[in-house]
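Trainee: Sharing coords-v2.txt (compact mmCIF, C-alpha atoms and all ligand atoms) below.
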```
# COMPACT_ATOMS: atom_id res chain seq x y z
CA MET A 38 4.88 -34.60 -11.34
CA SER A 39 8.38 -33.28 -11.93
CA TYR A 40 8.90 -29.63 -12.77
CA ASP A 41 8.92 -29.31 -16.58
CA VAL A 42 10.89 -26.14 -17.14
CA GLU A 43 11.08 -26.59 -20.92
CA ALA A 44 7.28 -26.80 -21.17
CA LEU A 45 7.06 -23.61 -19.11
CA ARG A 46 9.64 -21.83 -21.26
CA ALA A 47 7.59 -22.65 -24.34
CA GLN A 48 4.83 -20.50 -22.86
CA PHE A 49 7.06 -17.40 -22.86
CA PRO A 50 7.55 -16.27 -26.47
CA ILE A 51 10.10 -13.59 -25.57
CA LEU A 52 12.56 -16.18 -24.30
CA ALA A 53 13.18 -17.12 -27.94
CA GLU A 54 14.78 -13.70 -28.54
CA THR A 55 18.53 -13.68 -28.97
CA GLY A 56 20.80 -11.77 -26.64
CA ARG A 57 23.77 -9.59 -27.59
CA ASN A 58 26.10 -10.93 -30.30
CA GLY A 59 23.54 -13.49 -31.42
CA GLN A 60 23.89 -15.46 -28.20
CA PRO A 61 20.87 -17.28 -26.79
CA LEU A 62 19.32 -14.92 -24.27
CA VAL A 63 19.75 -15.75 -20.59
CA TYR A 64 17.32 -13.50 -18.75
CA LEU A 65 18.41 -13.08 -15.13
CA ASP A 66 16.76 -9.73 -14.39
CA ASN A 67 13.52 -11.10 -13.00
CA ALA A 68 13.59 -9.07 -9.80
CA ALA A 69 13.31 -5.94 -11.95
CA SER A 70 10.60 -7.33 -14.20
CA THR A 71 9.47 -10.80 -15.22
CA GLN A 72 8.36 -11.86 -18.70
CA ARG A 73 4.74 -12.75 -19.57
CA PRO A 74 3.35 -16.15 -20.50
CA LEU A 75 0.82 -16.76 -23.27
CA ALA A 76 -1.88 -17.05 -20.62
CA VAL A 77 -1.37 -13.36 -19.81
CA LEU A 78 -0.73 -12.14 -23.37
CA ASP A 79 -3.82 -13.97 -24.65
CA ALA A 80 -6.09 -12.83 -21.82
CA VAL A 81 -5.16 -9.18 -22.43
CA ASP A 82 -5.47 -9.58 -26.21
CA HIS A 83 -8.88 -11.24 -25.85
CA TYR A 84 -10.07 -8.48 -23.59
CA GLU A 85 -8.89 -5.77 -25.99
CA ARG A 86 -10.48 -7.43 -29.01
CA HIS A 87 -13.75 -8.60 -27.50
CA ALA A 88 -14.61 -6.91 -24.23
CA HIS A 89 -13.33 -3.35 -23.93
CA ALA A 90 -15.56 -0.52 -22.75
CA ASN A 91 -15.54 1.52 -19.56
CA VAL A 92 -16.40 -0.44 -16.43
CA HIS A 93 -19.17 -0.17 -13.85
CA ARG A 94 -21.55 2.42 -15.28
CA ALA A 95 -23.31 1.30 -18.43
CA VAL A 96 -25.97 -1.27 -19.18
CA HIS A 97 -24.63 -2.20 -22.62
CA VAL A 98 -23.06 -5.51 -23.39
CA LEU A 99 -19.42 -4.44 -23.75
CA SER A 100 -19.46 -2.51 -20.51
CA GLN A 101 -20.82 -5.55 -18.76
CA ARG A 102 -18.10 -7.74 -20.26
CA ALA A 103 -15.43 -5.25 -19.26
CA THR A 104 -16.79 -5.04 -15.72
CA GLU A 105 -16.89 -8.81 -15.43
CA ALA A 106 -13.32 -9.14 -16.74
CA TYR A 107 -12.08 -6.41 -14.38
CA GLU A 108 -13.80 -7.92 -11.34
CA ALA A 109 -12.64 -11.42 -12.30
CA GLY A 110 -9.07 -10.11 -12.18
CA ARG A 111 -9.74 -8.86 -8.66
CA ALA A 112 -11.20 -12.23 -7.62
CA GLN A 113 -8.17 -14.08 -8.98
CA LEU A 114 -5.82 -11.82 -7.06
CA ALA A 115 -7.88 -12.37 -3.91
CA ALA A 116 -7.54 -16.14 -4.38
CA PHE A 117 -3.81 -15.70 -5.05
CA LEU A 118 -3.42 -13.89 -1.71
CA ASN A 119 -5.94 -16.03 0.14
CA ALA A 120 -7.78 -12.81 0.96
CA PRO A 121 -11.13 -13.31 2.68
CA SER A 122 -12.89 -11.19 0.03
CA PRO A 123 -12.15 -9.69 -3.41
CA ASP A 124 -13.48 -6.41 -2.00
CA GLU A 125 -10.27 -6.20 0.01
CA VAL A 126 -8.19 -5.92 -3.19
CA VAL A 127 -7.64 -2.37 -4.45
CA PHE A 128 -6.10 -2.02 -7.90
CA THR A 129 -3.17 0.39 -8.18
CA ARG A 130 -0.43 1.12 -10.71
CA GLY A 131 1.93 -1.16 -8.79
CA THR A 132 3.66 -1.61 -5.48
CA THR A 133 4.89 1.98 -5.45
CA GLU A 134 1.38 3.37 -5.77
CA ALA A 135 0.00 0.84 -3.29
CA LEU A 136 2.54 1.89 -0.66
CA ASN A 137 1.91 5.57 -1.38
CA LEU A 138 -1.81 4.95 -0.98
CA VAL A 139 -1.48 3.34 2.44
CA ALA A 140 1.17 5.82 3.60
CA TYR A 141 -0.93 8.80 2.50
CA ALA A 142 -4.36 7.61 3.60
CA TRP A 143 -3.63 5.49 6.68
CA GLY A 144 -0.41 7.29 7.51
CA GLY A 145 -2.24 10.60 7.20
CA MET A 146 -4.01 9.73 10.47
CA LEU A 147 -0.69 9.67 12.40
CA ALA A 148 -0.08 12.26 15.12
CA PRO A 149 3.18 14.05 16.00
CA GLY A 150 5.53 11.63 17.76
CA ASP A 151 3.84 8.50 16.43
CA GLU A 152 6.39 6.06 15.06
CA VAL A 153 6.68 4.20 11.77
CA VAL A 154 9.14 1.30 11.83
CA LEU A 155 10.93 0.39 8.59
CA THR A 156 13.97 -1.81 7.99
CA ALA A 157 17.43 -1.26 6.56
CA LEU A 158 16.52 -3.57 3.67
CA GLU A 159 13.74 -1.47 2.21
CA HIS A 160 13.31 -0.39 -1.40
CA HIS A 161 12.99 3.38 -1.83
CA SER A 162 9.26 2.92 -2.47
CA ASN A 163 8.88 1.68 1.10
CA ILE A 164 10.91 4.56 2.51
CA VAL A 165 10.08 7.78 0.70
CA PRO A 166 6.25 7.63 1.01
CA TRP A 167 6.71 7.33 4.79
CA GLN A 168 9.13 10.26 4.80
CA LEU A 169 6.49 12.34 3.00
CA VAL A 170 3.83 11.41 5.53
CA ALA A 171 6.23 11.97 8.45
CA ALA A 172 6.91 15.48 7.17
CA ARG A 173 3.17 16.12 6.97
CA THR A 174 2.15 14.66 10.33
CA GLY A 175 5.19 14.96 12.59
CA ALA A 176 5.50 11.18 12.81
CA VAL A 177 8.96 9.71 13.31
CA ILE A 178 10.66 6.96 11.29
CA ARG A 179 12.66 4.24 13.08
CA VAL A 180 14.76 1.67 11.26
CA VAL A 181 15.41 -1.98 12.13
CA PRO A 182 19.10 -2.70 11.44
CA ILE A 183 20.44 -5.81 9.72
CA HIS A 184 23.13 -8.32 10.57
CA ASP A 185 26.09 -8.59 8.18
CA ASP A 186 24.47 -11.53 6.35
CA GLY A 187 21.49 -9.34 5.41
CA SER A 188 19.02 -10.77 7.89
CA LEU A 189 17.06 -8.46 10.17
CA ASP A 190 18.18 -7.90 13.75
CA LEU A 191 15.00 -9.01 15.45
CA ASP A 192 16.25 -8.15 18.92
CA ALA A 193 16.67 -4.58 17.75
CA TYR A 194 13.18 -4.78 16.22
CA ASP A 195 11.79 -5.74 19.62
CA ARG A 196 13.58 -2.83 21.24
CA LEU A 197 12.17 -0.38 18.66
CA LEU A 198 8.58 -1.47 19.24
CA GLY A 199 6.66 0.43 21.88
CA PRO A 200 3.51 2.34 22.67
CA ARG A 201 4.37 4.99 20.05
CA THR A 202 4.71 2.45 17.24
CA LYS A 203 1.69 2.78 14.96
CA ILE A 204 2.89 1.24 11.70
CA VAL A 205 5.52 -1.33 10.79
CA SER A 206 6.22 -1.52 7.06
CA VAL A 207 8.53 -4.26 5.86
CA GLY A 208 9.50 -5.91 2.62
CA HIS A 209 8.48 -9.54 2.32
CA THR A 210 11.65 -10.29 0.33
CA SER A 211 14.55 -7.94 -0.34
CA ASN A 212 14.98 -7.11 -4.01
CA ALA A 213 18.64 -6.28 -3.43
CA LEU A 214 19.77 -9.24 -1.30
CA GLY A 215 16.99 -11.81 -1.52
CA THR A 216 16.49 -11.96 2.25
CA VAL A 217 13.04 -13.34 3.10
CA ASN A 218 11.87 -11.62 6.26
CA PRO A 219 9.94 -13.35 9.07
CA VAL A 220 6.83 -11.33 8.34
CA ALA A 221 4.37 -13.43 10.35
CA GLU A 222 6.52 -13.17 13.46
CA MET A 223 7.01 -9.45 12.90
CA ALA A 224 3.26 -8.97 12.47
CA ALA A 225 2.53 -10.74 15.76
CA ARG A 226 5.04 -8.54 17.58
CA ALA A 227 3.69 -5.37 15.92
CA HIS A 228 0.14 -6.29 16.88
CA ALA A 229 1.22 -6.90 20.48
CA VAL A 230 2.00 -3.16 20.77
CA GLY A 231 -1.12 -2.13 18.86
CA ALA A 232 0.62 -1.32 15.55
CA ILE A 233 -0.43 -2.44 12.10
CA LEU A 234 1.89 -4.29 9.69
CA VAL A 235 2.25 -3.29 6.05
CA VAL A 236 4.04 -5.68 3.69
CA ASP A 237 5.87 -4.60 0.54
CA GLY A 238 5.17 -7.84 -1.30
CA ALA A 239 6.69 -6.89 -4.68
CA GLN A 240 9.36 -9.59 -4.42
CA GLY A 241 7.35 -12.00 -2.30
CA ALA A 242 4.48 -12.57 -4.72
CA PRO A 243 6.54 -14.13 -7.56
CA HIS A 244 8.64 -16.50 -5.45
CA ALA A 245 6.43 -18.17 -2.87
CA PRO A 246 2.82 -18.90 -1.92
CA ILE A 247 1.32 -15.85 -0.23
CA ASP A 248 -1.40 -16.16 2.38
CA VAL A 249 -2.15 -12.74 3.84
CA GLN A 250 -4.23 -14.29 6.61
CA ALA A 251 -1.47 -16.67 7.69
CA LEU A 252 1.02 -13.79 7.54
CA GLY A 253 -1.21 -11.80 9.86
CA ALA A 254 -0.61 -8.76 7.65
CA ASP A 255 -2.85 -5.70 7.62
CA PHE A 256 -1.86 -4.42 4.17
CA PHE A 257 0.04 -6.15 1.36
CA ALA A 258 1.33 -4.41 -1.79
CA LEU A 259 2.32 -6.10 -5.05
CA SER A 260 3.16 -5.38 -8.71
CA GLY A 261 1.87 -7.24 -11.77
CA HIS A 262 5.11 -7.03 -13.72
CA LYS A 263 7.13 -8.80 -11.02
CA MET A 264 4.77 -11.80 -11.07
CA TYR A 265 4.53 -12.51 -14.82
CA GLY A 266 1.79 -9.93 -15.41
CA PRO A 267 1.72 -6.51 -17.11
CA THR A 268 3.41 -3.29 -16.05
CA GLY A 269 1.26 -0.43 -14.79
CA ILE A 270 -0.97 -2.61 -12.63
CA GLY A 271 -0.64 -3.81 -9.06
CA ALA A 272 -2.70 -3.99 -5.94
CA LEU A 273 -3.04 -3.08 -2.32
CA TRP A 274 -4.73 -5.75 -0.25
CA GLY A 275 -6.02 -4.52 3.10
CA ARG A 276 -8.11 -5.99 5.90
CA MET A 277 -11.67 -4.80 5.32
CA GLU A 278 -11.97 -3.40 8.82
CA LEU A 279 -9.00 -1.10 8.08
CA LEU A 280 -10.06 -0.24 4.53
CA GLU A 281 -13.43 0.84 5.89
CA ARG A 282 -11.74 3.19 8.36
CA MET A 283 -9.32 4.59 5.79
CA PRO A 284 -10.17 7.91 4.07
CA PRO A 285 -9.80 8.25 0.29
CA TRP A 286 -6.60 9.55 -1.18
CA GLN A 287 -7.69 10.61 -4.66
CA GLY A 288 -11.05 12.09 -5.58
CA GLY A 289 -13.02 11.63 -8.75
CA GLY A 290 -15.47 9.37 -10.47
CA ASP A 291 -16.31 5.92 -9.10
CA MET A 292 -14.99 6.56 -5.57
CA ILE A 293 -18.06 8.43 -4.32
CA GLU A 294 -21.48 7.57 -3.02
CA THR A 295 -23.01 11.04 -3.40
CA VAL A 296 -21.55 14.35 -4.55
CA ARG A 297 -22.90 17.79 -3.61
CA PHE A 298 -21.05 21.07 -3.76
CA GLU A 299 -21.43 21.23 0.03
CA GLY A 300 -19.59 17.93 0.39
CA SER A 301 -19.43 14.34 -0.80
CA THR A 302 -19.67 10.89 0.72
CA TRP A 303 -17.44 7.95 -0.14
CA ALA A 304 -18.13 4.64 -1.77
CA ALA A 305 -17.27 1.49 0.17
CA PRO A 306 -13.87 -0.17 -0.46
CA PRO A 307 -12.42 -1.07 -2.89
CA ALA A 308 -14.14 1.58 -5.10
CA ARG A 309 -13.27 4.31 -2.55
CA PHE A 310 -9.61 3.96 -3.54
CA GLU A 311 -10.06 3.58 -7.29
CA ALA A 312 -10.93 7.06 -8.55
CA GLY A 313 -11.26 7.39 -12.32
CA THR A 314 -11.21 4.87 -15.13
CA PRO A 315 -8.88 2.06 -14.08
CA TYR A 316 -6.36 0.08 -16.14
CA ILE A 317 -8.88 -2.59 -17.08
CA ALA A 318 -6.64 -4.62 -19.41
CA GLY A 319 -4.01 -4.57 -16.67
CA ALA A 320 -6.46 -6.02 -14.18
CA VAL A 321 -7.25 -8.77 -16.67
CA GLY A 322 -3.54 -9.40 -17.15
CA ILE A 323 -2.62 -9.50 -13.46
CA GLY A 324 -5.57 -11.81 -12.82
CA ALA A 325 -4.32 -14.15 -15.55
CA ALA A 326 -0.81 -13.99 -14.08
CA ALA A 327 -2.12 -14.89 -10.63
CA ARG A 328 -4.06 -17.81 -12.14
CA PHE A 329 -0.96 -18.91 -14.09
CA LEU A 330 1.22 -18.97 -10.96
CA MET A 331 -1.43 -20.85 -9.01
CA ASP A 332 -1.70 -23.41 -11.83
CA VAL A 333 2.07 -23.91 -12.08
CA GLY A 334 2.16 -24.25 -8.29
CA ARG A 335 4.04 -21.74 -6.19
CA ASP A 336 5.66 -24.39 -3.99
CA ALA A 337 7.07 -26.01 -7.13
CA VAL A 338 8.33 -22.62 -8.35
CA SER A 339 9.99 -21.96 -4.99
CA ALA A 340 11.70 -25.34 -4.99
CA HIS A 341 12.93 -24.90 -8.57
CA GLU A 342 14.28 -21.41 -7.89
CA ALA A 343 15.96 -22.62 -4.68
CA ARG A 344 17.87 -25.21 -6.75
CA LEU A 345 18.99 -22.51 -9.19
CA LEU A 346 20.03 -20.19 -6.37
CA ALA A 347 22.03 -22.93 -4.63
CA ARG A 348 23.85 -23.82 -7.85
CA ALA A 349 24.61 -20.20 -8.72
CA THR A 350 25.72 -19.40 -5.16
CA ALA A 351 28.10 -22.36 -4.96
CA GLY A 352 29.51 -21.51 -8.38
CA LEU A 353 30.13 -17.84 -7.57
CA GLN A 354 31.64 -18.72 -4.20
CA SER A 355 34.28 -20.78 -5.96
CA LEU A 356 35.50 -17.78 -8.00
CA ASP A 357 38.40 -15.73 -6.63
CA GLY A 358 37.61 -12.10 -5.98
CA VAL A 359 33.83 -12.49 -6.11
CA ARG A 360 31.90 -11.59 -2.99
CA ILE A 361 28.21 -12.37 -2.50
CA LEU A 362 26.21 -9.80 -0.58
CA GLY A 363 23.29 -11.27 1.32
CA THR A 364 23.82 -14.72 2.77
CA ALA A 365 20.85 -14.90 5.12
CA PRO A 366 19.61 -18.42 5.88
CA HIS A 367 16.25 -17.72 4.28
CA LYS A 368 16.63 -16.25 0.79
CA ALA A 369 14.66 -16.06 -2.44
CA ALA A 370 16.29 -16.42 -5.85
CA VAL A 371 18.21 -13.13 -5.86
CA LEU A 372 22.01 -13.15 -5.99
CA SER A 373 23.85 -9.85 -5.44
CA PHE A 374 27.60 -9.77 -5.82
CA VAL A 375 30.64 -7.62 -6.38
CA VAL A 376 33.94 -8.44 -8.07
CA ASP A 377 37.15 -7.00 -6.61
CA GLY A 378 38.64 -4.40 -8.90
CA LEU A 379 35.68 -4.28 -11.29
CA HIS A 380 32.76 -1.88 -11.28
CA PRO A 381 29.37 -3.68 -11.23
CA THR A 382 28.39 -1.82 -14.42
CA ASP A 383 31.37 -3.37 -16.20
CA VAL A 384 30.45 -6.81 -14.89
CA GLY A 385 26.93 -6.31 -16.27
CA THR A 386 28.29 -5.12 -19.61
CA PHE A 387 30.64 -8.10 -19.95
CA LEU A 388 27.81 -10.52 -19.07
CA ASP A 389 25.59 -8.83 -21.66
CA GLU A 390 28.29 -9.45 -24.29
CA ASP A 391 27.69 -13.15 -23.58
CA GLY A 392 23.91 -12.77 -23.86
CA ILE A 393 23.30 -12.73 -20.12
CA ALA A 394 20.99 -10.07 -18.68
CA VAL A 395 21.62 -9.02 -15.08
CA ARG A 396 20.99 -5.74 -13.30
CA THR A 397 23.63 -3.48 -11.81
CA GLY A 398 23.24 -0.48 -9.58
CA HIS A 399 21.91 0.40 -6.15
CA HIS A 400 18.63 -1.44 -6.78
CA CYS A 401 16.63 1.48 -5.32
CA ALA A 402 18.07 0.63 -1.92
CA GLN A 403 20.67 3.31 -1.28
CA PRO A 404 20.51 3.09 2.55
CA LEU A 405 21.14 -0.65 2.28
CA MET A 406 24.10 -0.13 -0.06
CA GLU A 407 25.54 2.37 2.41
CA ARG A 408 25.13 -0.12 5.26
CA LEU A 409 26.95 -2.76 3.18
CA GLY A 410 29.72 -0.32 2.26
CA VAL A 411 29.20 -0.55 -1.50
CA GLU A 412 27.80 1.86 -4.06
CA ALA A 413 26.28 -0.80 -6.24
CA THR A 414 26.18 -4.52 -6.90
CA ALA A 415 25.56 -6.80 -9.84
CA ARG A 416 22.41 -8.85 -9.33
CA ALA A 417 21.29 -12.06 -10.98
CA SER A 418 17.68 -12.88 -10.16
CA PHE A 419 15.97 -16.06 -11.22
CA GLY A 420 12.46 -16.82 -12.34
CA LEU A 421 10.36 -19.91 -12.87
CA TYR A 422 11.62 -20.35 -16.47
CA ASN A 423 15.36 -20.24 -15.79
CA THR A 424 17.32 -23.45 -16.13
CA GLU A 425 20.40 -25.04 -14.60
CA ALA A 426 22.06 -24.78 -18.02
CA GLU A 427 21.48 -21.01 -17.90
CA VAL A 428 23.01 -20.83 -14.44
CA ASP A 429 26.03 -22.68 -15.82
CA ARG A 430 26.34 -20.23 -18.73
CA PHE A 431 26.25 -17.38 -16.23
CA LEU A 432 28.96 -19.06 -14.15
CA THR A 433 31.14 -19.78 -17.18
CA SER A 434 30.87 -16.17 -18.23
CA MET A 435 31.66 -14.97 -14.73
CA ALA A 436 34.73 -17.24 -14.59
CA LYS A 437 35.92 -15.74 -17.87
CA ILE A 438 35.35 -12.18 -16.63
CA VAL A 439 37.26 -12.84 -13.44
CA ARG A 440 40.10 -14.49 -15.38
CA LEU A 441 40.42 -11.82 -18.09
CA PHE A 442 39.57 -8.54 -16.46
CA ARG A 443 40.31 -8.64 -12.76
N1 LIG A 501 9.47 -2.93 -3.54
C1 LIG A 501 10.37 -3.82 -3.96
C2 LIG A 501 10.98 -4.76 -2.97
C3 LIG A 501 10.72 -3.86 -5.31
O1 LIG A 501 11.62 -4.76 -5.73
C4 LIG A 501 10.13 -2.94 -6.20
C5 LIG A 501 10.51 -2.91 -7.66
N2 LIG A 501 11.89 -2.99 -7.89
C6 LIG A 501 9.18 -2.06 -5.71
C7 LIG A 501 8.88 -2.08 -4.39
C8 LIG A 501 8.49 -1.07 -6.60
O2 LIG A 501 7.68 -1.75 -7.50
P1 LIG A 501 7.02 -0.96 -8.75
O3 LIG A 501 8.16 -0.27 -9.43
O4 LIG A 501 6.46 -2.07 -9.56
O5 LIG A 501 6.01 -0.06 -8.20
```
Please rewrite the model in this file as structure tokens.
Ligand code: PMP
Mentor:
Amino acid sequence: MSYDVEALRAQFPILAETGRNGQPLVYLDNAASTQRPLAVLDAVDHYERHAHANVHRAVHVLSQRATEAYEAGRAQLAAFLNAPSPDEVVFTRGTTEALNLVAYAWGGMLAPGDEVVLTALEHHSNIVPWQLVAARTGAVIRVVPIHDDGSLDLDAYDRLLGPRTKIVSVGHTSNALGTVNPVAEMAARAHAVGAILVVDGAQGAPHAPIDVQALGADFFALSGHKMYGPTGIGALWGRMELLERMPPWQGGGDMIETVRFEGSTWAAPPARFEAGTPYIAGAVGIGAAARFLMDVGRDAVSAHEARLLARATAGLQSLDGVRILGTAPHKAAVLSFVVDGLHPTDVGTFLDEDGIAVRTGHHCAQPLMERLGVEATARASFGLYNTEAEVDRFLTSMAKIVRLFR
């Protein structure tokens, strides 16, 4: 069956909003946050109207419904990730919290001189939590450099790995450049020196099928709002063997087995890492989003977005004074660029005048911007509902901007 983008668009009510100046809205800020389909809006609404109570503790009917809805969300995410068990999925506020969890709790077991390997592509949320844990434990951070096209220097990666390497934490897909990293290969090499591999999957989950077992990952973090689900919900998947060895990071209700004033014992994962009342409606929403993406077909989404990226890339390349940052052979639908003589903020503002939403700034990747020698870029990022006609409107607007303002 061919990819019916118009039928998909009809499932996203917000896409009917108008952009600035009454222009039809072209939403190209999907790497920052995607919009939600009816499947997600309706699932959350249904939960709120018919099933809300606190989870896990009561015998009454609403609590049972809420618990079932919450746990169904977990099961759908497990299927989405091809995780061996839903018990390996820990709900968090998002990728940021998931990475903080693993850095604090697993990273807290590091010893002075142990090494954590990151890459020059990382989002701040995959840098700063490791800096915090390094300051606490005396661990040392090493950084895999990139080539000029935005791909990782894997020879340098090999040279960084050694007996001191305990953790490698890498983004699946760069939010700033779109580079898709060879995570499976990196996991195999990390494991060969006895290290674990953590994946920041925020930008991987919306663009391609994810199979944590095939990736050989040990932990995988994701955010609901980047994969057509709600904000404020995300998950940390971890291999059960590691989750069982990992101490809690927050204390409170639901994460314990027994509590005495002399000391407490911990519940098994995932409850051990979910202290307090969780965001139940969020779990319902992210589960519905996972189901939605599986139903649309993630290979079909990837292929569609690759067509959009190719069209947009070719179009931008033909404009004088426009430079694309990130030209790695393997990219997801993220297009970062700068225009000679124009600040990225101005480019974003001019595009907005034409109804086109892009993001400008450092994309929470200041070390990467420094490596590329820019302060900021403009970034168009595509989602499953964008069309070739929208890419063409973006390119027409860009041609006008270059003609009038450069
Ligand atoms: N990692 C990457 C690669 C991201 O793109 C983002 C969001 N921009 C994050 C982590 C953080 O995600 P969140 O803000 O949803 O926690």
Trainee: Dump as number ranges by chain all residues having an atom at most 9 Å from (-14.8, -5.6, 0.7), computed in the file's coordinates with all atoms listed in the file.
Mentor: A: 121-126, 276-278, 280-281, 305-307
Trainee: Each residue of chain A lying at most 6 Å from ligand LIG 501 (chain A) should get a row with its shortest atom-to-atom pair and the distance in Å to one decimal, counting only C-alpha atoms and all ligand atoms; could you produce that, ordered by chain and increasing number, as a tab-separated table?
Mentor:
```
residue	atom	partner	partner_atom	distance
A:Ala69	CA	A:LIG501	N2	5.2
A:Gly131	CA	A:LIG501	O5	4.3
A:Thr132	CA	A:LIG501	O5	3.9
A:Thr133	CA	A:LIG501	O5	3.6
A:His160	CA	A:LIG501	N1	5.1
A:Ser162	CA	A:LIG501	C7	5.4
A:Gly208	CA	A:LIG501	C2	5.9
A:Ser211	CA	A:LIG501	C2	5.5
A:Asn212	CA	A:LIG501	O1	4.4
A:Asp237	CA	A:LIG501	N1	5.7
A:Ala239	CA	A:LIG501	C1	4.8
A:Gln240	CA	A:LIG501	C2	5.3
A:Ser260	CA	A:LIG501	O4	4.8
```
Trainee: Could the residues in this selection be saved with C-alpha atoms as a tab-separated table (two decimals), keeping the file's coordinate frame?
Mentor:
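Generated output (result-v7.tsv):
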```
chain	number	residue	atom	x	y	z
A	69	ALA	CA	13.31	-5.94	-11.95
A	131	GLY	CA	1.93	-1.16	-8.79
A	132	THR	CA	3.66	-1.61	-5.48
A	133	THR	CA	4.89	1.98	-5.45
A	160	HIS	CA	13.31	-0.39	-1.40
A	162	SER	CA	9.26	2.92	-2.47
A	208	GLY	CA	9.50	-5.91	2.62
A	211	SER	CA	14.55	-7.94	-0.34
A	212	ASN	CA	14.98	-7.11	-4.01
A	237	ASP	CA	5.87	-4.60	0.54
A	239	ALA	CA	6.69	-6.89	-4.68
A	240	GLN	CA	9.36	-9.59	-4.42
A	260	SER	CA	3.16	-5.38	-8.71
```
Trainee: Figure out the distance between atom CA of A:Leu62 and atom CA of A:Ala394, please, to one decimal in Å.
Mentor: 7.6 Å
Trainee: Quick one, how far is atom CA of A:Ala370 from atom CA of A:Glu342?
Mentor: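 Atom CA of A:Glu342 lies 5.8 Å from atom CA of A:Ala370.
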Trainee: Just to confirm, what's the straight-line distance from atom CA of A:Gly59 to atom CA of A:Gly392 in Å (one decimal)?
Mentor: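 Going from atom CA of A:Gly59 over to atom CA of A:Gly392, I get 7.6 Å.
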Trainee: As a count of residues only, please: the residues near stretch 43-54 of chain A (cut-off 9 Å, only C-alpha atoms, same-chain neighbours under 2 positions excluded).
Mentor: 17
Trainee: Excluding A:Ile233 and any residue of its chain fewer than 4 positions from it, enumerate the residues within 8 Å of it, using only C-alpha atoms, and give them as a short mmCIF file (atom, residue, chain, number, x, y, z; two decimals) with C-alpha atoms, in the coordinates of the input.
Mentor:
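Writing the result to part-v1.cif gives the following:
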```cif
data_model
loop_
_atom_site.label_atom_id
_atom_site.label_comp_id
_atom_site.auth_asym_id
_atom_site.auth_seq_id
_atom_site.Cartn_x
_atom_site.Cartn_y
_atom_site.Cartn_z
CA LYS A 203 1.69 2.78 14.96
CA ILE A 204 2.89 1.24 11.70
CA VAL A 205 5.52 -1.33 10.79
CA ALA A 224 3.26 -8.97 12.47
CA ALA A 227 3.69 -5.37 15.92
CA HIS A 228 0.14 -6.29 16.88
CA ALA A 254 -0.61 -8.76 7.65
CA ASP A 255 -2.85 -5.70 7.62
#
```
Trainee: Between A:Val181, A:Ala229, A:Leu214, A:Leu147, single out the one closest to A:Ala365, counting all atoms listed in the file.
Mentor: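 Comparing A:Val181, A:Ala229, A:Leu214, A:Leu147 against A:Ala365, the winner is A:Leu214.
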Trainee: A:Arg408, A:Ala80, A:Glu134, A:Gly352: which is nearest A:Ala109, counting all atoms listed in the file?
Mentor: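 Result for the nearest residue to A:Ala109: A:Ala80.
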Trainee: Ranking A:Leu252, A:Ile178, A:Val236, A:Ala258 by minimum distance to A:Ala221 and counting only C-alpha atoms, which one comes first?
Mentor: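 Checking each candidate against A:Ala221, we get A:Leu252 as the closest.
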